[in-house]
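S.K.: Please find work03.txt (compact mmCIF, C-alpha atoms) on the next line:
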```
# COMPACT_ATOMS: atom_id res chain seq x y z
CA MET A 1 -13.10 -17.86 -136.19
CA GLY A 2 -11.01 -21.00 -135.78
CA GLN A 3 -12.29 -24.17 -134.21
CA PRO A 4 -10.77 -25.55 -131.00
CA VAL A 5 -7.21 -26.70 -131.57
CA GLY A 6 -6.12 -30.28 -131.47
CA ASP A 7 -4.33 -31.83 -128.54
CA PRO A 8 -2.05 -29.07 -127.18
CA ALA A 9 0.21 -31.82 -125.86
CA ALA A 10 1.25 -32.35 -129.49
CA PHE A 11 3.03 -28.97 -129.70
CA LEU A 12 6.61 -29.72 -130.75
CA LEU A 13 9.63 -28.64 -128.72
CA ASP A 14 13.19 -28.62 -129.96
CA GLU A 15 16.52 -26.94 -129.30
CA THR A 16 15.24 -23.56 -130.54
CA VAL A 17 12.78 -23.29 -127.64
CA LYS A 18 14.19 -21.42 -124.66
CA GLY A 19 14.93 -23.81 -121.81
CA MET A 20 15.42 -26.88 -124.00
CA PRO A 21 18.87 -28.52 -124.23
CA PRO A 22 20.97 -27.98 -127.37
CA GLY A 23 20.79 -30.82 -129.85
CA VAL A 24 17.52 -32.33 -128.62
CA ALA A 25 15.42 -33.80 -131.42
CA PRO A 26 11.88 -32.42 -131.84
CA PHE A 27 9.32 -33.99 -129.51
CA PRO A 28 5.75 -33.20 -128.38
CA ILE A 29 5.48 -31.14 -125.21
CA GLY A 30 3.22 -33.79 -123.72
CA ALA A 31 6.13 -36.23 -123.80
CA ILE A 32 8.61 -34.04 -121.92
CA GLY A 33 8.33 -36.16 -118.77
CA ARG A 34 9.55 -39.24 -120.65
CA HIS A 35 13.05 -37.78 -120.96
CA GLY A 36 13.69 -38.16 -117.25
CA TRP A 37 15.38 -34.76 -117.16
CA ASN A 38 16.39 -33.33 -113.81
CA VAL A 39 17.20 -29.67 -113.22
CA LEU A 40 19.83 -30.40 -110.56
CA ALA A 41 21.53 -32.93 -112.84
CA GLU A 42 22.04 -30.11 -115.37
CA ASP A 43 19.90 -31.84 -117.97
CA LEU A 44 18.45 -28.45 -118.97
CA PRO A 45 20.30 -25.19 -119.63
CA LEU A 46 20.07 -22.28 -117.21
CA PRO A 47 18.55 -19.79 -116.75
CA LEU A 48 15.35 -21.77 -116.40
CA ALA A 49 11.95 -20.94 -114.94
CA VAL A 50 10.18 -23.94 -113.43
CA LEU A 51 6.85 -24.60 -111.77
CA LYS A 52 6.58 -26.95 -108.79
CA ARG A 53 3.82 -29.52 -109.21
CA ARG A 54 3.01 -30.01 -105.54
CA ALA A 55 2.65 -26.26 -104.87
CA LEU A 56 0.55 -25.75 -108.01
CA ASP A 57 -1.89 -28.46 -106.97
CA HIS A 58 -2.08 -27.08 -103.46
CA ASN A 59 -2.82 -23.53 -104.68
CA LEU A 60 -5.40 -24.65 -107.22
CA ASP A 61 -7.25 -26.66 -104.58
CA TRP A 62 -6.88 -23.98 -101.89
CA MET A 63 -8.47 -21.18 -103.92
CA ALA A 64 -11.27 -23.44 -105.12
CA ARG A 65 -12.10 -24.20 -101.50
CA PHE A 66 -11.81 -20.55 -100.46
CA VAL A 67 -14.23 -19.15 -103.01
CA GLY A 68 -16.59 -22.08 -102.54
CA ASP A 69 -16.73 -21.63 -98.77
CA ALA A 70 -17.15 -17.86 -99.26
CA GLY A 71 -20.21 -18.35 -101.47
CA ALA A 72 -18.54 -17.07 -104.65
CA VAL A 73 -17.33 -18.43 -107.97
CA LEU A 74 -13.90 -18.01 -109.51
CA ALA A 75 -13.03 -16.57 -112.92
CA PRO A 76 -9.24 -16.48 -112.58
CA HIS A 77 -7.37 -13.98 -114.71
CA GLY A 78 -5.78 -15.91 -117.54
CA LYS A 79 -3.39 -13.09 -118.45
CA THR A 80 -1.36 -14.10 -115.39
CA THR A 81 -0.16 -17.30 -117.03
CA MET A 82 -1.55 -17.37 -120.60
CA ALA A 83 -1.12 -21.11 -120.24
CA PRO A 84 -4.22 -22.98 -121.50
CA GLY A 85 -3.05 -26.09 -119.67
CA LEU A 86 -3.45 -24.20 -116.41
CA PHE A 87 -6.78 -22.73 -117.60
CA ARG A 88 -8.11 -26.26 -117.98
CA GLU A 89 -6.90 -27.27 -114.52
CA GLN A 90 -8.63 -24.23 -113.05
CA ILE A 91 -11.88 -25.10 -114.85
CA GLU A 92 -11.58 -28.73 -113.74
CA ARG A 93 -11.42 -27.47 -110.16
CA GLY A 94 -14.68 -25.59 -110.56
CA ALA A 95 -13.75 -22.20 -112.04
CA TRP A 96 -16.85 -20.52 -113.50
CA ALA A 97 -14.92 -18.82 -116.32
CA ILE A 98 -11.48 -17.61 -117.36
CA THR A 99 -10.88 -13.86 -117.32
CA VAL A 100 -8.82 -12.21 -120.04
CA GLY A 101 -7.73 -8.67 -120.89
CA THR A 102 -7.58 -8.61 -124.72
CA ILE A 103 -9.35 -10.13 -127.71
CA HIS A 104 -6.18 -12.14 -128.45
CA GLN A 105 -6.36 -13.72 -125.00
CA ALA A 106 -10.06 -14.47 -125.50
CA VAL A 107 -9.31 -16.22 -128.80
CA VAL A 108 -6.56 -18.31 -127.16
CA ALA A 109 -8.89 -19.36 -124.33
CA ARG A 110 -11.71 -20.36 -126.68
CA ARG A 111 -9.39 -22.17 -129.09
CA HIS A 112 -8.25 -24.30 -126.15
CA GLY A 113 -11.71 -25.32 -125.04
CA ILE A 114 -12.72 -22.64 -122.52
CA ARG A 115 -16.47 -22.18 -122.87
CA ARG A 116 -17.00 -18.99 -120.83
CA VAL A 117 -14.66 -15.99 -120.98
CA LEU A 118 -14.91 -12.72 -119.08
CA LEU A 119 -13.13 -9.97 -121.02
CA ALA A 120 -12.25 -7.56 -118.21
CA ASN A 121 -11.79 -4.66 -120.59
CA GLN A 122 -13.61 -2.51 -123.11
CA LEU A 123 -14.25 -3.82 -126.62
CA VAL A 124 -12.86 -0.97 -128.73
CA GLY A 125 -11.86 -0.99 -132.39
CA ARG A 126 -13.10 -2.87 -135.43
CA GLN A 127 -11.02 -6.02 -135.01
CA ALA A 128 -11.75 -6.50 -131.31
CA ILE A 129 -15.50 -5.99 -131.78
CA ARG A 130 -15.61 -8.13 -134.92
CA GLY A 131 -13.65 -10.89 -133.25
CA ALA A 132 -15.94 -10.98 -130.23
CA LEU A 133 -19.12 -10.99 -132.33
CA ASP A 134 -17.78 -13.67 -134.67
CA MET A 135 -16.95 -15.99 -131.77
CA LEU A 136 -20.43 -15.55 -130.32
CA ARG A 137 -22.12 -16.05 -133.70
CA ASP A 138 -20.06 -19.05 -134.79
CA ASP A 139 -20.19 -20.88 -131.48
CA PRO A 140 -23.62 -20.81 -129.78
CA GLY A 141 -22.27 -22.66 -126.77
CA PHE A 142 -19.56 -20.08 -126.13
CA GLU A 143 -20.12 -17.20 -123.68
CA LEU A 144 -18.20 -13.92 -123.73
CA LEU A 145 -18.85 -11.05 -121.33
CA ALA A 146 -17.22 -7.64 -121.82
CA LEU A 147 -17.13 -4.33 -119.94
CA VAL A 148 -18.65 -0.94 -120.73
CA ASP A 149 -17.78 2.35 -119.05
CA SER A 150 -19.02 4.98 -121.50
CA VAL A 151 -21.98 5.66 -123.75
CA ALA A 152 -19.52 5.82 -126.66
CA VAL A 153 -18.38 2.22 -126.07
CA VAL A 154 -22.00 1.06 -125.75
CA GLU A 155 -22.97 2.75 -128.99
CA MET A 156 -20.02 1.28 -130.91
CA LEU A 157 -20.77 -2.22 -129.68
CA ALA A 158 -24.53 -1.91 -130.21
CA LYS A 159 -24.09 -0.57 -133.76
CA ALA A 160 -21.81 -3.47 -134.68
CA ALA A 161 -24.12 -6.05 -133.09
CA ALA A 162 -27.13 -4.59 -134.93
CA ALA A 163 -25.27 -4.69 -138.25
CA ALA A 164 -24.10 -8.27 -137.78
CA PRO A 165 -26.49 -9.95 -135.29
CA VAL A 166 -25.17 -12.91 -133.35
CA GLY A 167 -28.59 -14.34 -132.54
CA ARG A 168 -28.48 -13.43 -128.85
CA PRO A 169 -27.71 -10.35 -126.75
CA VAL A 170 -24.04 -9.58 -126.11
CA PRO A 171 -23.69 -9.62 -122.29
CA VAL A 172 -21.85 -6.70 -120.72
CA LEU A 173 -20.94 -5.55 -117.23
CA LEU A 174 -21.04 -1.93 -116.07
CA GLU A 175 -17.51 -1.04 -115.02
CA ILE A 176 -17.03 1.21 -111.99
CA GLY A 177 -13.69 2.96 -111.54
CA TYR A 178 -12.02 5.47 -109.25
CA ALA A 179 -9.87 8.58 -109.56
CA GLY A 180 -6.34 7.74 -110.63
CA GLY A 181 -7.32 4.21 -111.59
CA ARG A 182 -7.75 2.61 -114.97
CA THR A 183 -11.03 2.38 -116.87
CA GLY A 184 -14.45 2.54 -115.21
CA CYS A 185 -17.15 5.13 -114.52
CA ARG A 186 -15.97 7.71 -112.02
CA ASP A 187 -19.38 8.96 -110.84
CA THR A 188 -22.97 7.82 -110.43
CA GLU A 189 -24.36 10.06 -113.16
CA THR A 190 -22.02 8.61 -115.77
CA ALA A 191 -22.63 5.05 -114.62
CA LEU A 192 -26.41 5.43 -114.82
CA ALA A 193 -26.13 6.98 -118.29
CA VAL A 194 -24.09 3.98 -119.46
CA ALA A 195 -26.55 1.51 -117.92
CA ARG A 196 -29.46 3.27 -119.61
CA ALA A 197 -27.63 3.19 -122.93
CA VAL A 198 -27.22 -0.57 -122.62
CA LYS A 199 -30.92 -0.93 -121.81
CA ALA A 200 -31.79 1.12 -124.89
CA ALA A 201 -29.58 -1.17 -126.99
CA GLU A 202 -31.59 -4.29 -126.19
CA PRO A 203 -31.94 -6.87 -127.70
CA HIS A 204 -28.42 -6.46 -129.09
CA LEU A 205 -26.83 -5.91 -125.65
CA ALA A 206 -27.74 -7.11 -122.17
CA LEU A 207 -26.54 -5.60 -118.89
CA ARG A 208 -25.66 -8.55 -116.67
CA GLY A 209 -23.99 -6.89 -113.69
CA VAL A 210 -21.45 -4.51 -112.19
CA GLU A 211 -17.67 -4.90 -112.26
CA GLY A 212 -14.61 -3.16 -110.90
CA PHE A 213 -10.92 -3.71 -110.30
CA GLU A 214 -9.64 -2.86 -106.85
CA GLY A 215 -6.05 -3.97 -107.43
CA LEU A 216 -4.65 -0.47 -108.05
CA VAL A 217 -6.20 1.12 -104.97
CA SER A 218 -3.29 2.36 -102.90
CA GLY A 219 -2.48 3.49 -99.39
CA ARG A 220 0.54 4.17 -97.25
CA THR A 221 0.00 0.81 -95.57
CA VAL A 222 -1.80 -2.40 -96.51
CA GLU A 223 -4.43 -1.55 -93.89
CA GLU A 224 -5.02 1.90 -95.37
CA ALA A 225 -5.30 0.41 -98.86
CA ALA A 226 -7.80 -2.15 -97.54
CA GLY A 227 -9.90 0.70 -96.17
CA GLN A 228 -9.92 2.40 -99.58
CA VAL A 229 -10.89 -0.90 -101.21
CA ARG A 230 -13.88 -1.17 -98.88
CA LEU A 231 -15.03 2.33 -99.87
CA PHE A 232 -14.72 1.43 -103.54
CA LEU A 233 -16.76 -1.74 -103.04
CA GLU A 234 -19.43 0.30 -101.27
CA ARG A 235 -19.71 2.44 -104.41
CA MET A 236 -20.02 -0.66 -106.56
CA VAL A 237 -22.78 -2.14 -104.41
CA ALA A 238 -24.65 1.18 -104.29
CA MET A 239 -24.42 1.42 -108.07
CA ALA A 240 -25.77 -2.10 -108.44
CA ALA A 241 -28.69 -1.22 -106.17
CA GLN A 242 -29.56 1.89 -108.21
CA THR A 243 -29.27 -0.02 -111.47
CA GLU A 244 -31.53 -2.74 -110.13
CA ALA A 245 -34.05 -0.18 -108.87
CA GLY A 246 -34.13 1.37 -112.33
CA GLY A 247 -34.92 -1.97 -113.96
CA LEU A 248 -31.79 -1.73 -116.10
CA PHE A 249 -30.38 -5.23 -115.59
CA ALA A 250 -31.24 -8.01 -118.02
CA ASP A 251 -32.82 -11.23 -116.79
CA GLY A 252 -30.79 -13.68 -114.75
CA PRO A 253 -28.59 -13.38 -111.67
CA ILE A 254 -26.92 -10.02 -111.17
CA ILE A 255 -23.16 -10.46 -111.48
CA LEU A 256 -20.97 -8.60 -109.02
CA SER A 257 -17.31 -8.99 -109.89
CA ALA A 258 -13.98 -7.60 -108.77
CA GLY A 259 -10.67 -9.21 -108.87
CA GLY A 260 -7.16 -8.58 -107.82
CA SER A 261 -4.95 -11.03 -105.98
CA ALA A 262 -4.51 -8.93 -102.84
CA PHE A 263 -7.99 -8.13 -101.45
CA TYR A 264 -10.18 -10.96 -102.73
CA ASP A 265 -11.35 -11.75 -99.20
CA ILE A 266 -12.72 -8.23 -98.74
CA VAL A 267 -14.41 -8.42 -102.16
CA VAL A 268 -16.38 -11.60 -101.53
CA ASP A 269 -17.29 -10.54 -97.99
CA ARG A 270 -18.83 -7.24 -99.15
CA PHE A 271 -20.57 -8.65 -102.21
CA ARG A 272 -22.05 -11.43 -100.12
CA ARG A 273 -23.87 -8.73 -98.15
CA ALA A 274 -24.96 -6.69 -101.17
CA GLY A 275 -28.63 -6.81 -100.18
CA LEU A 276 -30.03 -6.80 -103.71
CA ASP A 277 -33.54 -8.12 -104.30
CA ARG A 278 -32.55 -10.48 -107.09
CA GLU A 279 -30.15 -13.40 -107.02
CA VAL A 280 -26.52 -12.32 -107.04
CA LEU A 281 -23.58 -14.19 -108.56
CA LEU A 282 -20.29 -13.23 -106.86
CA VAL A 283 -17.35 -13.56 -109.25
CA SER A 284 -13.79 -13.30 -107.94
CA ARG A 285 -11.03 -12.90 -110.53
CA SER A 286 -7.81 -13.49 -108.61
CA GLY A 287 -5.17 -14.90 -110.96
CA CYS A 288 -1.76 -14.84 -109.29
CA TYR A 289 -2.86 -17.32 -106.64
CA VAL A 290 -2.03 -20.21 -108.97
CA THR A 291 1.72 -19.74 -108.48
CA HIS A 292 1.65 -17.21 -105.63
CA ASP A 293 5.14 -15.69 -105.19
CA SER A 294 8.02 -15.10 -102.80
CA LEU A 295 7.54 -11.43 -101.99
CA MET A 296 4.66 -9.20 -103.10
CA TYR A 297 1.75 -11.63 -102.84
CA ARG A 298 3.36 -13.45 -99.94
CA ASP A 299 3.01 -10.23 -97.95
CA PHE A 300 -0.51 -9.57 -99.22
CA PHE A 301 -1.54 -13.09 -98.22
CA ALA A 302 -0.29 -12.52 -94.69
CA ALA A 303 -2.74 -9.59 -94.55
CA VAL A 304 -5.55 -11.77 -95.92
CA ARG A 305 -4.89 -14.32 -93.18
CA GLY A 306 -5.15 -11.57 -90.59
CA ARG A 307 -8.50 -10.35 -91.96
CA ALA A 308 -10.31 -13.57 -92.85
CA PRO A 309 -10.82 -16.31 -90.22
CA LEU A 310 -11.82 -18.64 -93.05
CA VAL A 311 -8.19 -18.77 -94.18
CA ASP A 312 -7.03 -20.51 -91.02
CA ARG A 313 -9.76 -23.13 -91.37
CA LEU A 314 -8.42 -24.04 -94.81
CA GLY A 315 -5.05 -25.15 -93.46
CA PRO A 316 -1.70 -24.19 -95.01
CA GLY A 317 -2.04 -21.12 -97.20
CA LEU A 318 -0.86 -20.38 -100.70
CA GLN A 319 2.67 -21.49 -101.57
CA PRO A 320 5.27 -20.15 -104.05
CA ALA A 321 5.20 -22.45 -107.08
CA MET A 322 7.53 -20.58 -109.45
CA GLU A 323 11.33 -20.52 -109.32
CA VAL A 324 14.02 -19.27 -111.68
CA TRP A 325 17.39 -21.04 -111.62
CA ALA A 326 20.70 -19.55 -112.81
CA TYR A 327 24.41 -20.34 -112.72
CA VAL A 328 27.08 -18.35 -110.96
CA GLN A 329 29.20 -17.30 -113.93
CA SER A 330 31.61 -14.85 -112.34
CA ARG A 331 32.96 -13.60 -109.01
CA PRO A 332 34.76 -10.54 -110.38
CA GLU A 333 35.00 -8.58 -107.12
CA THR A 334 34.97 -9.26 -103.41
CA GLY A 335 31.36 -9.31 -102.31
CA LYS A 336 29.92 -9.53 -105.82
CA VAL A 337 28.55 -12.43 -107.84
CA VAL A 338 27.26 -12.29 -111.42
CA LEU A 339 24.74 -14.91 -112.55
CA THR A 340 23.28 -16.09 -115.87
CA MET A 341 19.84 -14.51 -115.44
CA GLY A 342 18.50 -11.15 -116.52
CA GLN A 343 15.44 -9.11 -117.43
CA ARG A 344 14.84 -11.44 -120.37
CA ASP A 345 14.19 -14.23 -117.86
CA VAL A 346 12.48 -12.79 -114.79
CA GLY A 347 10.04 -9.96 -114.08
CA VAL A 348 10.85 -7.13 -111.68
CA THR A 349 7.61 -5.11 -111.41
CA GLY A 350 6.94 -6.46 -107.93
CA GLY A 351 10.56 -6.28 -106.81
CA LEU A 352 13.87 -7.88 -107.69
CA PRO A 353 14.13 -11.68 -107.44
CA GLN A 354 15.23 -13.14 -104.14
CA ALA A 355 18.02 -15.72 -103.83
CA GLN A 356 16.66 -18.66 -101.87
CA SER A 357 18.94 -21.68 -102.19
CA TRP A 358 22.01 -22.98 -103.99
CA TYR A 359 23.32 -26.26 -105.34
CA ARG A 360 26.75 -27.51 -106.40
CA PRO A 361 26.29 -30.12 -109.17
CA THR A 362 29.69 -31.72 -108.55
CA VAL A 363 28.79 -32.49 -104.93
CA GLY A 364 25.15 -33.57 -105.16
CA GLY A 365 22.77 -33.83 -102.24
CA ALA A 366 19.92 -31.35 -101.90
CA PRO A 367 19.83 -27.57 -102.45
CA ALA A 368 20.86 -25.61 -99.34
CA ALA A 369 19.36 -22.36 -98.09
CA LEU A 370 21.24 -19.15 -98.81
CA ASP A 371 21.89 -16.50 -96.20
CA PRO A 372 19.53 -13.51 -96.71
CA ASP A 373 22.63 -11.32 -97.13
CA HIS A 374 22.76 -12.61 -100.70
CA VAL A 375 20.90 -9.69 -102.30
CA VAL A 376 20.12 -9.06 -105.95
CA THR A 377 21.01 -5.43 -106.71
CA GLY A 378 20.24 -5.22 -110.43
CA LEU A 379 19.54 -7.01 -113.69
CA ASN A 380 20.79 -6.45 -117.23
CA ASP A 381 19.31 -8.27 -120.20
CA GLN A 382 21.23 -11.48 -119.46
CA HIS A 383 23.12 -10.78 -116.22
CA CYS A 384 22.13 -10.71 -112.55
CA HIS A 385 24.18 -8.64 -110.10
CA MET A 386 24.16 -9.94 -106.54
CA THR A 387 25.92 -8.69 -103.43
CA VAL A 388 27.13 -11.50 -101.19
CA PRO A 389 28.81 -11.69 -97.77
CA ALA A 390 32.48 -12.56 -97.42
CA THR A 391 31.44 -16.00 -96.15
CA SER A 392 29.33 -16.83 -99.20
CA PRO A 393 29.90 -20.42 -100.38
CA LEU A 394 29.07 -19.58 -103.99
CA ALA A 395 31.59 -20.44 -106.69
CA VAL A 396 31.56 -20.33 -110.47
CA GLY A 397 29.37 -23.17 -111.77
CA ASP A 398 27.07 -23.29 -108.73
CA MET A 399 23.32 -23.15 -109.30
CA VAL A 400 21.17 -20.60 -107.49
CA CYS A 401 17.39 -20.73 -107.07
CA PHE A 402 15.47 -17.44 -107.06
CA GLY A 403 11.97 -16.67 -105.90
CA VAL A 404 10.01 -14.10 -107.91
CA SER A 405 7.60 -11.30 -107.08
CA HIS A 406 4.43 -10.68 -109.13
CA PRO A 407 4.65 -13.83 -111.29
CA CYS A 408 2.72 -12.41 -114.28
CA VAL A 409 5.78 -10.73 -115.78
CA THR A 410 7.97 -13.81 -115.41
CA PHE A 411 5.45 -16.02 -117.21
CA ASP A 412 5.65 -13.91 -120.34
CA LYS A 413 9.44 -14.42 -120.57
CA TRP A 414 8.96 -18.12 -121.31
CA GLN A 415 7.23 -19.94 -124.15
CA VAL A 416 7.49 -23.20 -122.20
CA LEU A 417 7.74 -23.71 -118.44
CA PRO A 418 8.78 -27.17 -117.23
CA VAL A 419 6.93 -28.60 -114.23
CA VAL A 420 9.05 -30.41 -111.65
CA ASP A 421 8.45 -32.76 -108.75
CA ASP A 422 9.96 -32.35 -105.29
CA GLY A 423 13.30 -33.73 -106.51
CA TYR A 424 13.37 -31.37 -109.53
CA THR A 425 12.69 -34.10 -112.06
CA VAL A 426 10.68 -32.72 -114.98
CA VAL A 427 7.22 -34.30 -115.01
CA GLY A 428 5.41 -32.01 -117.47
CA ALA A 429 5.36 -28.55 -119.01
CA TYR A 430 3.00 -25.71 -119.89
CA ARG A 431 3.09 -23.68 -123.09
CA THR A 432 2.26 -19.96 -122.90
CA PHE A 433 0.63 -17.76 -125.54
CA PHE A 434 1.82 -14.21 -124.90
```
Can the structure from this file be put into C-alpha cells for me?
M.R.:
Amino acid sequence: MGQPVGDPAAFLLDETVKGMPPGVAPFPIGAIGRHGWNVLAEDLPLPLAVLKRRALDHNLDWMARFVGDAGAVLAPHGKTTMAPGLFREQIERGAWAITVGTIHQAVVARRHGIRRVLLANQLVGRQAIRGALDMLRDDPGFELLALVDSVAVVEMLAKAAAAAPVGRPVPVLLEIGYAGGRTGCRDTETALAVARAVKAAEPHLALRGVEGFEGLVSGRTVEEAAGQVRLFLERMVAMAAQTEAGGLFADGPIILSAGGSAFYDIVVDRFRRAGLDREVLLVSRSGCYVTHDSLMYRDFFAAVRGRAPLVDRLGPGLQPAMEVWAYVQSRPETGKVVLTMGQRDVGVTGGLPQAQSWYRPTVGGAPAALDPDHVVTGLNDQHCHMTVPATSPLAVGDMVCFGVSHPCVTFDKWQVLPVVDDGYTVVGAYRTFF
C-alpha cells in the first residue's frame, strides 16, 4: 500500500477544476488565499459551493466539547466530506478516529495521515479484504476496525488473515441491525453465533465491541423515531452484556458505537449507562455536524436541544457552514426565476435547497435576506427553478445564496470547496476524494 502523501496543500488547481475562474494559471491549493478572491466581487464563477470558516470552527469546537462532556469519544464519519483537510482538523480537536464506509475511503484517510480508521461496514470481496490486511501489515502504527454481521463474513476475513498474517489480530465490531434497516444482526441467536465465530478465529481476529447505526430508524414524528432509537440501543446494550458474559470480547475496553447525526445525544446517554463489568469506550460517529445544514439537521438539532440539557450549557448550537451560490439567468415568466445551479451542484436527498439571501454586484453592500416566498420547485442538471412573489427584487445577473439539506450529497459534487471569511473573501480550500 502507498505511503502517506506529501503536503496536500501542493495539489494544483487550474481552470479545469470546477469553481476556478477561466484562464487562471495552475497554482497549489494551499495558496488559494493569496489571490484575494471574493465571491461577491465575482472573482469566481457561479454556481459555487463555499464553506464558511467561522461556522466550521464553531461546529468543530462545539461537537468536541459535547462528546467530551458526555463522556464519549468522536469518530466522525469521513464519508460526509471526504476532505482529508477536515479530517485533520477533527483529529486535532480530539477525534479518536475517522469513520469511513468503503476500503477506498479508508485508503484515502490513511494516505493523508489518519492513524485510526473505523470502517463502518463489512469487509467483503478479495480487494477490500486484501487492502485492509495490507494496510495493517505494512503499517504497524495504523489501526483499522471493521464490522461483522454474519458467520460467512467472519470466515472469509479469518481465512484471509490466516493465509496472509498481519502480525496482530484484526479488530472487529459485532454489528447489530433492525428490521428494514441496512446490515447488522437482526436477532440475538445470530449475533451470538457471529461473536462465537470471531472468538474461534483468534488470534487472527479480535472482537472489540458492539456497533449499530440508528440513523435509518423511522417514525411518524421525531419523538416517535427517538423512542424507536432507544429500543434499538437497548438491544445493543443487552447484546454487549451477553457477549461479555460469554467471555467473547478480546482484551481491552469494550467499544460501544453508534452514529448518525440526528440522535447522538440519545446514543451517548444510553451507552454511558451500559452497566458492563469492564471498561467501556463510547464512540459517537456523527459526521454532518461539521457543516450542519439549513433544513434537515437544523430540525433534528432543535430536537436534540429539547432532549439534552447539556446542549444549552454549551452556548450557541451548530451553525450552517455550507452555501451554494448561483446567478439569476432568466425571468421567463411572471413569478418564475431560473438560476445557474442544478443537480450537478447541490444534493437534494434531504430536501430542495432553500434561497436565503441575494446580492446585486453592480450595487455592492452586503447580501440581503430573501422573502421565504422564494421557493425552489425543481432542479435539472444545470438549472434551478424557483417560484417568486410579484414583489421579488431579483433580476438577471443577481446572485442568490442557497442553504442545503443533508450536506453529504453536496460535498460529492465538488472536487474543491473554497473556504470564505465573513466578507466572502476566499481564505482557503478543501479538496475532496469522492
S.K.: Fewer than 2 positions away in the same chain doesn't count, so skip those; otherwise give me all residues within 8 Å of segment 359-361 of chain A, counting all atoms listed in the file, as JSON, numbers by chain.
M.R.: {"A": [40, 41, 42, 357, 363, 364, 366, 367, 368, 397, 398, 399, 400]}
S.K.: I'd like the box whose edges run along x, y and z of the file and which contains every listed atom of segment 288-292 of chain A, padded by 3 Å per side; could you state its centre and edge lengths in Å, one decimal, as lines of an AutoDock Vina configuration file?
M.R.:
```
center_x = -0.6
center_y = -17.5
center_z = -107.5
size_x = 10.6
size_y = 11.4
size_z = 9.7
```
S.K.: Please list as a PyMOL selection string every residue within 7 Å of Arg186 of chain A, counting all atoms listed in the file and excluding residues in the same chain fewer than 2 positions away.
M.R.: chain A and resi 176-179+184
S.K.: Residues at most 7 Å from Asp14 of chain A, counting all atoms listed in the file, excluding those fewer than 3 positions away in the same chain, as a tab-separated table (two decimals) with C-alpha atoms, keeping the file's coordinate frame?
M.R.:
```tsv
chain	number	residue	atom	x	y	z
A	17	VAL	CA	12.78	-23.29	-127.64
A	20	MET	CA	15.42	-26.88	-124.00
A	24	VAL	CA	17.52	-32.33	-128.62
A	25	ALA	CA	15.42	-33.80	-131.42
A	26	PRO	CA	11.88	-32.42	-131.84
A	27	PHE	CA	9.32	-33.99	-129.51
```
S.K.: Out of A:Val375, A:Ala160, A:Val267, A:Leu44, which residue has the shortest atom-to-atom distance to Arg126 of chain A when counting all atoms listed in the file?
M.R.: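 Smallest distance to Arg126 of chain A is found for A:Ala160.
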S.K.: Would you mind listing what lies within 9 Å of segment 88-99 of chain A as a tab-separated table (two decimals) with C-alpha atoms, in the coordinates of the input, with only C-alpha atoms counted and same-chain residues fewer than 6 positions away left out?
M.R.:
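Writing the result to result.tsv gives the following:
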```tsv
chain	number	residue	atom	x	y	z
A	60	LEU	CA	-5.40	-24.65	-107.22
A	61	ASP	CA	-7.25	-26.66	-104.58
A	64	ALA	CA	-11.27	-23.44	-105.12
A	68	GLY	CA	-16.59	-22.08	-102.54
A	73	VAL	CA	-17.33	-18.43	-107.97
A	74	LEU	CA	-13.90	-18.01	-109.51
A	75	ALA	CA	-13.03	-16.57	-112.92
A	76	PRO	CA	-9.24	-16.48	-112.58
A	77	HIS	CA	-7.37	-13.98	-114.71
A	78	GLY	CA	-5.78	-15.91	-117.54
A	79	LYS	CA	-3.39	-13.09	-118.45
A	105	GLN	CA	-6.36	-13.72	-125.00
A	106	ALA	CA	-10.06	-14.47	-125.50
A	109	ALA	CA	-8.89	-19.36	-124.33
A	112	HIS	CA	-8.25	-24.30	-126.15
A	113	GLY	CA	-11.71	-25.32	-125.04
A	114	ILE	CA	-12.72	-22.64	-122.52
A	115	ARG	CA	-16.47	-22.18	-122.87
A	116	ARG	CA	-17.00	-18.99	-120.83
A	117	VAL	CA	-14.66	-15.99	-120.98
A	118	LEU	CA	-14.91	-12.72	-119.08
A	119	LEU	CA	-13.13	-9.97	-121.02
A	120	ALA	CA	-12.25	-7.56	-118.21
A	283	VAL	CA	-17.35	-13.56	-109.25
A	285	ARG	CA	-11.03	-12.90	-110.53
A	287	GLY	CA	-5.17	-14.90	-110.96
A	290	VAL	CA	-2.03	-20.21	-108.97
```
S.K.: Suppose you want the space between atom CA of His292 of chain A and atom CA of Gly259 of chain A; what is it in Å?
M.R.: 15.0 Å
S.K.: I'd like the neighbourhood of Pro316 of chain A as a compact mmCIF listing (two decimals) with C-alpha atoms, in the frame of the given file, where a residue qualifies if any of its atoms comes within 9 Å (using all atoms listed in the file), though same-chain residues fewer than 4 positions away should be ignored.
M.R.:
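result.txt, freshly written:
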```txt
# COMPACT_ATOMS: atom_id res chain seq x y z
CA HIS A 58 -2.08 -27.08 -103.46
CA TRP A 62 -6.88 -23.98 -101.89
CA VAL A 311 -8.19 -18.77 -94.18
CA ASP A 312 -7.03 -20.51 -91.02
```
S.K.: Using all atoms listed in the file, can you tell me which of A:Leu295, A:Leu310, A:Ala164, A:Arg130 comes closest to Val268 of chain A?
M.R.: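 Under the stated criterion, the closest residue is A:Leu310.
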S.K.: Between atom CA of Gly36 of chain A and atom CA of Thr425 of chain A, what is the distance, to one decimal in Å?
M.R.: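 Going from atom CA of Gly36 of chain A over to atom CA of Thr425 of chain A covers 6.7 Å.
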